[in-house]
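**Student:** Submitted below is the structure of interest, expressed as structure tokens.
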Amino acid sequence: MNAQPTASHFIDGAYLEDETGREIVCIFPATGETIATLHSATPAIIDKALASARRAQRQWARFTPVERGRVLRRAADIIRERNEELSQLETLDTGKPIQETRVADATSGAEALEYFGGLAATLTGETIPLGADLAYTLREPLGVCVGIGAWNYPTQIACWKAAPALACGNAMIFKPSELTPLCALKLAEIFVEAGAPAGLFNVVQGYGDVGAALATDPRTDKVSLTGSVPTGKKVYAAAAEGIRHVTMELGGKSPLIIFEDADIENAVSAAINANFYSTGQICSNGTRVFVHESIEDKFIARIAERTAKAIIGDPREDATQIGPLVSKSQHEKVLGYVEIGRSEGATLVFGGDIPKGLNAQGFFIEPTLFSGVTDAMRIAREEIFGPVLSVLTFKTEDEVLERANATEFGLAAGVFTKDIARAHRMVAALEAGTCWINTYNLTPVEMPFGGVKQSGVGRENARAAIEHYSQVKSVYVAMGDVEAPF
Ligand code: NDP
């Protein structure tokens, strides 16, 4: 199997290599095979990326908004035409099942480009009458934006950052996670094909040090990170040194609350999606499943019954529903949390093992459910980022609300109930950036997405993202004479 790209980086409209950079070995998570070897960016590569992005940004800012929108929409069309090829690459890069990547990755990226491509021509300022005088505002780009991505959704993350950035007239340098370096390179090719100026979207590979170098360079105007809270703290602090704009999309430990009147089948479906989709590697997952004590047995019986039928296997197979985790270290981390759950006294209802009969070099783990979980346990407090669902029970609305909010995270939350007043009362009081009523983990581009508390700063998607990729210039226009005291 070979997914070797032409070169490691894509800068100024073309592939570029510098083999003196540290090696990045890209592994197919289902077999442990090496599928590509790349090199981390050297200072010379970083310098080229920044210089070309600055040049391209000035050129891009001269495009009319309609022209900018057209380029983004063309890029979306190309992505849709190549969805199969891009989905297969995403599956190799991440290990996510092809049945997921065909519908959730390149297509989600295309939607972001369509949405922001459509918005590009509507981004205007306002006029402010001031008696005889007037003021107006101009909505201007920030300049060069750096995007730093996590490994779970490499195409989607690159598009969710690039689409609003480019729509507002910025250039972007994107650094993928070193675990999934391949997909963003394809996006860079597509932007050029769609008519973007060379250098408008550059991809540089690297480890954390490359992200840090980009985040602190004086030529960088904004940093948008998708990653963990500890990395977010570092990148936020680094960006603050230069008073740079930031968007931080960080981790979570989100509550999914299921009341006694909920439709159980729908609640089970949501809990499955919220814990086992993408082998549990989703930031907004509802990993603390609070189930009303009166329905716990029924809920657990149904989720066990349905999960027993899940097809775990090679993610390239059409039938596979659960693939491996992304890497050896993530595999060890998640298996470690299963051990922690056991030793803390939670009841392992199903899963927790490496599934039998699959490639032993792959990073597979069974979908796992713990019951009898208490708020103090580490499996209920820490982000695991794997298919580990914790069931906690509750008695009253006030109690579950207080417990759901008792976390430093605030990315997402879900409520299942047929009582419409209770549903709205709950979401009003839940400390989370994104809430779902009677569903979970739907993130259409039309709806803002992001966290509160330590889960993040800023919003991606929807019109809200425009605020984070543009700045307002105020212009006062005097019509009369200038008065002065002397
Ligand atoms: P990390 O925080 O480890 O890394 C995120 C990115 O930051 C990687 O590209 C990483 O490079 C880079 N990086 C690491 N250190 C620095 C630094 N000092 N300066 C600049 N860049 C740096 O996250 P993971 O890749 O492990 O992804 C999992 C995390 O991402 C989870 O916590 C998850 O919740 C979160 N996430 C959040 C989402 C959201 O939208 N809120 C969506 C998806 C994931 P390298 O990989 O080379 O270390």
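Here, A, B, ... name the chains of the structure tokens in the order displayed, residue numbers run from 1 inside each chain, and ligands are numbered from 1 in the same displayed order.
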Extract the full set of alpha helix (DSSP H) residues from segment 55-240 of chain A according to DSSP on the backbone, and format it as number ranges by chain.
**Tutor:** A: 55-61, 65-81, 83-94, 98-104, 106-119, 154-167, 183-193, 208-216, 229-240
**Student:** Which polymer residues have any atom within 8 Å of an atom of Asp133 of chain A, counting only C-alpha atoms, with same-chain residues fewer than 3 positions away left out, as a ChimeraX atom specification?
**Tutor:** /A:129-130,476-480
**Student:** Taking only C-alpha atoms and all ligand atoms into account, report as a PyMOL selection string which residues have an atom no farther than 7 Å from an atom of ligand 1.
**Tutor:** chain A and resi 148-153+175-179+206-212+215+225-232+234-235+249-252+282-284+383+385+411+450-451+455-456
**Student:** Looking at A:Gly345, A:Gly410, A:Pro444, A:Gly169, which one is nearest to Gln156 of chain A, with distances taken over only C-alpha atoms?
**Tutor:**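 Ranking A:Gly345, A:Gly410, A:Pro444, A:Gly169 by distance to Gln156 of chain A, first place goes to A:Pro444.
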**Student:** DSSP says strand (DSSP E or B) for which residues of segment 182-358 of chain A? Put them as a list of chain:residue names?
**Tutor:**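 Secondary structure check on segment 182-358 of chain A, strand (DSSP E or B): A:Phe201, A:Asn202, A:Val203, A:Lys222, A:Val223, A:Ser224, A:Leu225, A:Thr226, A:His245, A:Val246, A:Thr247, A:Met248, A:Glu249, A:Pro255, A:Leu256, A:Ile257, A:Ile258, A:Arg288, A:Val289, A:Phe290, A:Val291, A:His292, A:Ile312, A:Ile322, A:Thr347, A:Leu348, A:Val349, A:Phe350.
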**Student:** Measuring between only C-alpha atoms, which one of A:Tyr277, A:Phe290, A:Phe201, A:Tyr469 shows the shortest distance to Pro141 of chain A?
**Tutor:** A:Tyr469
**Student:** Residues within 10 Å of Gly458 of chain A, please, as a PyMOL selection string. Count only C-alpha atoms; anything in the same chain fewer than 3 positions from it doesn't count.
**Tutor:** chain A and resi 224+245-249+433+448-452+464-465+467-468
**Student:** Those selected residues, please, written with N, CA, C and O atoms and delivered as a PDB file, in the first residue's frame.
**Tutor:**
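Result file follows (part-v9.pdb):
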```pdb
ATOM      1  N   SER A 224      -5.633  29.453  14.412  1.00  0.00           N
ATOM      2  CA  SER A 224      -6.825  28.667  14.715  1.00  0.00           C
ATOM      3  C   SER A 224      -6.396  27.232  14.958  1.00  0.00           C
ATOM      4  O   SER A 224      -5.874  26.573  14.065  1.00  0.00           O
ATOM      5  N   HIS A 245      -4.961  37.202  16.867  1.00  0.00           N
ATOM      6  CA  HIS A 245      -6.313  36.645  17.013  1.00  0.00           C
ATOM      7  C   HIS A 245      -6.206  35.126  17.172  1.00  0.00           C
ATOM      8  O   HIS A 245      -5.303  34.515  16.603  1.00  0.00           O
ATOM      9  N   VAL A 246      -7.148  34.534  17.900  1.00  0.00           N
ATOM     10  CA  VAL A 246      -7.149  33.065  18.015  1.00  0.00           C
ATOM     11  C   VAL A 246      -8.563  32.504  17.907  1.00  0.00           C
ATOM     12  O   VAL A 246      -9.539  33.167  18.252  1.00  0.00           O
ATOM     13  N   THR A 247      -8.616  31.282  17.413  1.00  0.00           N
ATOM     14  CA  THR A 247      -9.786  30.423  17.598  1.00  0.00           C
ATOM     15  C   THR A 247      -9.247  29.136  18.185  1.00  0.00           C
ATOM     16  O   THR A 247      -8.261  28.593  17.677  1.00  0.00           O
ATOM     17  N   MET A 248      -9.849  28.678  19.270  1.00  0.00           N
ATOM     18  CA  MET A 248      -9.395  27.455  19.926  1.00  0.00           C
ATOM     19  C   MET A 248     -10.568  26.469  19.962  1.00  0.00           C
ATOM     20  O   MET A 248     -11.569  26.725  20.644  1.00  0.00           O
ATOM     21  N   GLU A 249     -10.441  25.389  19.212  1.00  0.00           N
ATOM     22  CA  GLU A 249     -11.447  24.315  19.251  1.00  0.00           C
ATOM     23  C   GLU A 249     -10.818  23.172  20.004  1.00  0.00           C
ATOM     24  O   GLU A 249     -10.006  22.425  19.452  1.00  0.00           O
ATOM     25  N   GLY A 433     -21.014  24.999  24.560  1.00  0.00           N
ATOM     26  CA  GLY A 433     -21.114  25.854  23.376  1.00  0.00           C
ATOM     27  C   GLY A 433     -22.128  25.351  22.364  1.00  0.00           C
ATOM     28  O   GLY A 433     -22.677  26.126  21.585  1.00  0.00           O
ATOM     29  N   PRO A 448     -23.312  27.604  14.277  1.00  0.00           N
ATOM     30  CA  PRO A 448     -21.997  27.829  14.892  1.00  0.00           C
ATOM     31  C   PRO A 448     -21.579  26.640  15.752  1.00  0.00           C
ATOM     32  O   PRO A 448     -22.424  25.983  16.366  1.00  0.00           O
ATOM     33  N   PHE A 449     -20.278  26.388  15.793  1.00  0.00           N
ATOM     34  CA  PHE A 449     -19.750  25.280  16.586  1.00  0.00           C
ATOM     35  C   PHE A 449     -18.538  25.751  17.376  1.00  0.00           C
ATOM     36  O   PHE A 449     -17.640  26.396  16.829  1.00  0.00           O
ATOM     37  N   GLY A 450     -18.503  25.420  18.665  1.00  0.00           N
ATOM     38  CA  GLY A 450     -17.342  25.796  19.475  1.00  0.00           C
ATOM     39  C   GLY A 450     -17.649  25.604  20.944  1.00  0.00           C
ATOM     40  O   GLY A 450     -18.767  25.229  21.309  1.00  0.00           O
ATOM     41  N   GLY A 451     -16.655  25.863  21.774  1.00  0.00           N
ATOM     42  CA  GLY A 451     -16.805  25.542  23.180  1.00  0.00           C
ATOM     43  C   GLY A 451     -16.809  26.741  24.097  1.00  0.00           C
ATOM     44  O   GLY A 451     -16.406  27.845  23.715  1.00  0.00           O
ATOM     45  N   VAL A 452     -17.270  26.510  25.339  1.00  0.00           N
ATOM     46  CA  VAL A 452     -17.118  27.490  26.414  1.00  0.00           C
ATOM     47  C   VAL A 452     -16.189  26.871  27.459  1.00  0.00           C
ATOM     48  O   VAL A 452     -15.737  25.744  27.310  1.00  0.00           O
ATOM     49  N   ALA A 464     -21.114  33.207  12.372  1.00  0.00           N
ATOM     50  CA  ALA A 464     -20.296  33.498  13.557  1.00  0.00           C
ATOM     51  C   ALA A 464     -18.809  33.422  13.236  1.00  0.00           C
ATOM     52  O   ALA A 464     -18.003  34.168  13.807  1.00  0.00           O
ATOM     53  N   ALA A 465     -18.415  32.540  12.314  1.00  0.00           N
ATOM     54  CA  ALA A 465     -16.984  32.377  12.011  1.00  0.00           C
ATOM     55  C   ALA A 465     -16.403  33.628  11.355  1.00  0.00           C
ATOM     56  O   ALA A 465     -15.200  33.903  11.477  1.00  0.00           O
ATOM     57  N   GLU A 467     -16.756  36.661  12.165  1.00  0.00           N
ATOM     58  CA  GLU A 467     -16.228  37.563  13.200  1.00  0.00           C
ATOM     59  C   GLU A 467     -14.804  37.196  13.578  1.00  0.00           C
ATOM     60  O   GLU A 467     -14.042  38.029  14.046  1.00  0.00           O
ATOM     61  N   HIS A 468     -14.457  35.923  13.415  1.00  0.00           N
ATOM     62  CA  HIS A 468     -13.148  35.455  13.860  1.00  0.00           C
ATOM     63  C   HIS A 468     -12.103  35.440  12.747  1.00  0.00           C
ATOM     64  O   HIS A 468     -10.968  35.063  12.982  1.00  0.00           O
TER      65      HIS A 468
END
```
**Student:** Would you list the contacts of segment 416-421 of chain A as a list in words, taking every protein, DNA or RNA residue within 6 Å and counting only C-alpha atoms, but skipping same-chain residues closer than 3 positions in sequence?
**Tutor:**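 That gives Ile258, Phe259, Asp261, Ala262, His424 and Asn438 of chain A.
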**Student:** Which distance in Å separates atom CA of Ser40 of chain A and atom CA of Gly21 of chain A, to one decimal?
**Tutor:**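 A separation of 4.8 Å between them.
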**Student:** If you take only C-alpha atoms and a cut-off of 9 Å, which residues of segment 30-125 of chain A touch segment 326-334 of chain A, and what are their nearest atom pairs and distances in Å to one decimal, in chain and number order, as JSON lines?
**Tutor:**
```
{"residue": "A:Ala30", "atom": "CA", "partner": "A:Val326", "partner_atom": "CA", "distance": 8.5}
{"residue": "A:Gly32", "atom": "CA", "partner": "A:Ser327", "partner_atom": "CA", "distance": 8.6}
{"residue": "A:Asp93", "atom": "CA", "partner": "A:Val326", "partner_atom": "CA", "distance": 8.3}
{"residue": "A:Thr94", "atom": "CA", "partner": "A:Val326", "partner_atom": "CA", "distance": 5.5}
{"residue": "A:Gly95", "atom": "CA", "partner": "A:Val326", "partner_atom": "CA", "distance": 6.1}
{"residue": "A:Lys96", "atom": "CA", "partner": "A:Val326", "partner_atom": "CA", "distance": 8.2}
```
**Student:** Taking only C-alpha atoms into account, name the residue in A:Ser254, A:Asn2, A:Thr64, A:Asn202 that is nearest to Ile45 of chain A.
**Tutor:**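 Once distances to Ile45 of chain A are computed over only C-alpha atoms, the minimum belongs to A:Asn202.
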**Student:** Nearest to Leu214 of chain A among A:Ala238, A:Ala110, A:Ala76, A:Cys159, with distances taken over only C-alpha atoms: which residue is it?
**Tutor:**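 Answer, going by the shortest atom-to-atom distance: A:Ala238.
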**Student:** Nearest residue to Arg459 of chain A out of A:Ala167, A:Val445, A:Ile295, A:Val482, using only C-alpha atoms?
**Tutor:**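 Residue with the minimum atom-to-atom distance to Arg459 of chain A: A:Val445.
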**Student:** Determine, counting only C-alpha atoms, which protein, DNA and RNA residues have an atom within 12 Å of an atom of Tyr337 of chain A; residues of the same chain fewer than 2 positions away are not included. Present the result as a PyMOL selection string.
**Tutor:** chain A and resi 330-335+339-344+346+348+352-353+365+368-370+377-390
**Student:** What is the distance between atom CA of Thr393 of chain A and atom CA of Phe276 of chain A, in Å to one decimal?
**Tutor:**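 Interatomic distance, atom CA of Thr393 of chain A to atom CA of Phe276 of chain A: 20.2 Å.
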**Student:** Grab the atom CA of Thr101 of chain A to atom CA of Phe10 of chain A distance for me, in Å with one decimal place.
**Tutor:**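 We find that atom CA of Thr101 of chain A and atom CA of Phe10 of chain A lie 23.2 Å from each other.
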**Student:** Between A:Lys161, A:Arg82, A:Arg219, A:Lys48, which has the minimum distance to Ile190 of chain A (counting only C-alpha atoms)?
**Tutor:**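 That would be A:Arg82, the residue with the smallest distance to Ile190 of chain A.
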